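Colleague: Take this structure first; my questions come after.
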Amino acid sequence: MGLGNRFLITALLFGTMGMALGLAMGASHDFTLMPVHAHLNLLGYVGMFIAGLYYRTAPEAAESRMAEVHYWANAVGVVMLTGPLAGLLLGGAPQLGLLVLGGGVILISSMMLFILIIAMSVLRSPGVTIVPAE
């Protein structure tokens with residue numbers, strides 16, 4: 001399975017988890033885990049889906065080792081941020097905040113890596129530009 005497809009499938013899993021959590025919160029009228037719901041949907045579903053679409057349209061970028069690192073950093077970062085955040089919001093040990101912070105750092109690093117991957121892809125294909133020339 002190609003990297004773009006792995007991003008898409010993982011995005012759908014995170015999106016399903018986020019939607020299920022939203023449904024459970026709505027049914028119970030307990031919105032304590034709203035930040036977890038938001039992060040699962042935005043970082044896990046939307047962010048990974050966009051990356052998956054990019055890698056499907058730029059297969060040369062998907063073949064790099066950096067792209068593989070991007071996938072794992074993004075997936076691990078979402079889990080490392082949302083799981084401990086849920087525990088923290090439900091009254092768990094304050095030390096969970098360190099895992100949430102670590103997950104956030106991994107996710108920001110993943111985004112910076114994605115920026116680099118796209119920039120390198122654009123530089124390798126001079127006929128393709130992000131912003132049209134005037």
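Each chain in the structure tokens gets a letter, A, B, ..., in the order shown, and its residues are numbered from 1; ligands are numbered from 1 in order too.
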Find the spatial neighbours of Glu68 in chain A, counting only C-alpha atoms, within a cut-off of 12 Å - ignore same-chain residues fewer than 6 positions away - and output them as a list of chain:residue names.
Modeller: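 Surrounding residues, per the criterion: A:Gly2, A:Leu3, A:Gly4, A:Arg6, A:Phe7, A:Ala51, A:Gly52, A:Tyr55, A:Ala61, A:Ala62, A:Asn74, A:Ala75, A:Ser110, A:Leu113, A:Phe114, A:Ile117.
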Colleague: Using only C-alpha atoms, which residues sit within 12 Å of Val105 in chain A once same-chain residues fewer than 2 positions away are excluded, as a PyMOL selection string?
Modeller: chain A and resi 73-74+76-78+80-81+98-103+107-112
Colleague: If you count only C-alpha atoms, which residues fall within 7 Å of range 82-88 of chain A, apart from same-chain ones fewer than 4 positions away, as a VMD selection string?
Modeller: chain A and resid 33 36 39 to 40 78 92 to 94 96 to 97 99 to 100
Colleague: Let me see the file: selected residues, N, CA and C atoms, as a compact mmCIF listing (two decimals), in the first residue's frame.
Modeller:
```txt
# COMPACT_ATOMS: atom_id res chain seq x y z
N LEU A 33 -14.44 16.29 27.04
CA LEU A 33 -13.39 15.85 26.11
C LEU A 33 -13.43 16.59 24.77
N VAL A 36 -10.14 16.93 22.94
CA VAL A 36 -9.68 15.67 22.35
C VAL A 36 -10.41 15.45 21.03
N HIS A 39 -8.96 17.84 18.40
CA HIS A 39 -7.62 17.46 17.94
C HIS A 39 -7.65 16.20 17.08
N LEU A 40 -8.47 15.23 17.46
CA LEU A 40 -8.60 14.04 16.63
C LEU A 40 -9.10 14.38 15.23
N VAL A 78 -0.40 12.35 17.03
CA VAL A 78 -1.84 12.45 17.31
C VAL A 78 -2.20 11.56 18.50
N GLY A 92 -6.75 12.86 35.47
CA GLY A 92 -5.56 12.05 35.64
C GLY A 92 -4.39 12.86 36.19
N ALA A 93 -3.30 12.18 36.38
CA ALA A 93 -2.10 12.79 36.95
C ALA A 93 -1.62 13.97 36.11
N PRO A 94 -1.20 15.05 36.74
CA PRO A 94 -0.71 16.22 36.01
C PRO A 94 0.49 15.90 35.10
N LEU A 96 0.68 13.78 32.95
CA LEU A 96 0.19 13.50 31.59
C LEU A 96 0.41 14.71 30.69
N GLY A 97 0.46 15.89 31.29
CA GLY A 97 0.70 17.11 30.53
C GLY A 97 2.02 17.05 29.77
N LEU A 99 3.31 14.36 28.39
CA LEU A 99 3.06 13.56 27.19
C LEU A 99 2.29 14.38 26.15
N VAL A 100 1.33 15.17 26.62
CA VAL A 100 0.58 16.04 25.71
C VAL A 100 1.54 17.01 25.03
```
Colleague: Work out how far apart CA of Met1 in chain A and CA of Glu60 in chain A are and give it in Å to one decimal.
Modeller: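 So the answer is 15.1 Å.
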Colleague: As a PyMOL selection string, please: all residues of chain A that backbone DSSP puts in helix (DSSP H, G or I).
Modeller: chain A and resi 3-28+34-57+59-62+65-89+96-124
Colleague: Under the rule that only C-alpha atoms are counted, which of A:Ser121, A:Gly26, A:Leu21, A:Ile106 is the nearest residue to Val69 in chain A?
Modeller: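 Among the listed residues, the smallest separation from Val69 in chain A belongs to A:Ile106.
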Colleague: When distances are computed from only C-alpha atoms, which of A:Thr16, A:Asn41, A:Gln95, A:Ser125 shows the smallest separation from Ala58 in chain A?
Modeller: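 Using only C-alpha atoms, the shortest distance to Ala58 in chain A belongs to A:Ser125.
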Colleague: Give me the residues near Asn5 in chain A as a compact mmCIF listing (two decimals) with N, CA and C atoms, in the first residue's frame, where near means some atom within 12 Å (using only C-alpha atoms) and where sequence neighbours in that chain fewer than 4 positions away do not count.
Modeller:
```txt
# COMPACT_ATOMS: atom_id res chain seq x y z
N MET A 1 0.86 -1.18 0.00
CA MET A 1 0.00 0.00 0.00
C MET A 1 0.90 1.23 0.00
N ILE A 9 -6.10 6.22 4.96
CA ILE A 9 -6.75 5.23 5.82
C ILE A 9 -6.61 5.60 7.30
N THR A 10 -5.41 6.04 7.68
CA THR A 10 -5.20 6.47 9.07
C THR A 10 -6.06 7.68 9.38
N ALA A 11 -6.17 8.60 8.43
CA ALA A 11 -7.02 9.78 8.62
C ALA A 11 -8.47 9.36 8.87
N LEU A 12 -8.94 8.41 8.09
CA LEU A 12 -10.33 7.95 8.26
C LEU A 12 -10.53 7.29 9.62
N MET A 48 -4.08 14.65 8.24
CA MET A 48 -3.54 13.45 7.59
C MET A 48 -4.22 13.21 6.24
N PHE A 49 -5.48 13.59 6.11
CA PHE A 49 -6.16 13.42 4.83
C PHE A 49 -5.53 14.33 3.77
N ILE A 50 -5.26 15.56 4.14
CA ILE A 50 -4.61 16.50 3.21
C ILE A 50 -3.25 15.96 2.79
N ALA A 51 -2.48 15.47 3.75
CA ALA A 51 -1.16 14.92 3.42
C ALA A 51 -1.31 13.72 2.49
N GLY A 52 -2.28 12.87 2.75
CA GLY A 52 -2.51 11.71 1.89
C GLY A 52 -2.83 12.11 0.46
N LEU A 53 -3.68 13.12 0.32
CA LEU A 53 -4.00 13.60 -1.03
C LEU A 53 -2.75 14.17 -1.71
N TYR A 54 -1.94 14.90 -0.95
CA TYR A 54 -0.71 15.45 -1.53
C TYR A 54 0.20 14.32 -2.03
N TYR A 55 0.42 13.33 -1.19
CA TYR A 55 1.33 12.24 -1.58
C TYR A 55 0.77 11.43 -2.75
N ARG A 56 -0.54 11.36 -2.87
CA ARG A 56 -1.11 10.66 -4.03
C ARG A 56 -0.91 11.45 -5.32
N THR A 57 -0.86 12.77 -5.22
CA THR A 57 -0.66 13.59 -6.41
C THR A 57 0.81 13.89 -6.68
N PRO A 59 3.71 11.51 -6.24
CA PRO A 59 4.29 10.23 -5.83
C PRO A 59 5.81 10.27 -5.63
N ALA A 62 6.37 11.05 -2.10
CA ALA A 62 5.97 9.95 -1.22
C ALA A 62 7.03 8.86 -1.12
N TYR A 71 4.86 10.38 8.07
CA TYR A 71 3.69 9.56 8.40
C TYR A 71 3.73 9.12 9.87
```
Colleague: Out of A:Met120, A:Val79, A:Leu90, A:Leu8, which residue has the shortest atom-to-atom distance to Tyr45 in chain A when counting only C-alpha atoms?
Modeller: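 Under the stated criterion, the closest residue is A:Leu8.
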Colleague: Restricting the calculation to only C-alpha atoms, which member of A:Gly22, A:Gly104, A:Gly91, A:Gly15 is positioned closest to Gly47 in chain A?
Modeller: A:Gly15
Colleague: In Å, how far is it from CA of Leu89 in chain A to CA of Pro35 in chain A?
Modeller: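 Pair CA of Leu89 in chain A / CA of Pro35 in chain A returns 8.9 Å.
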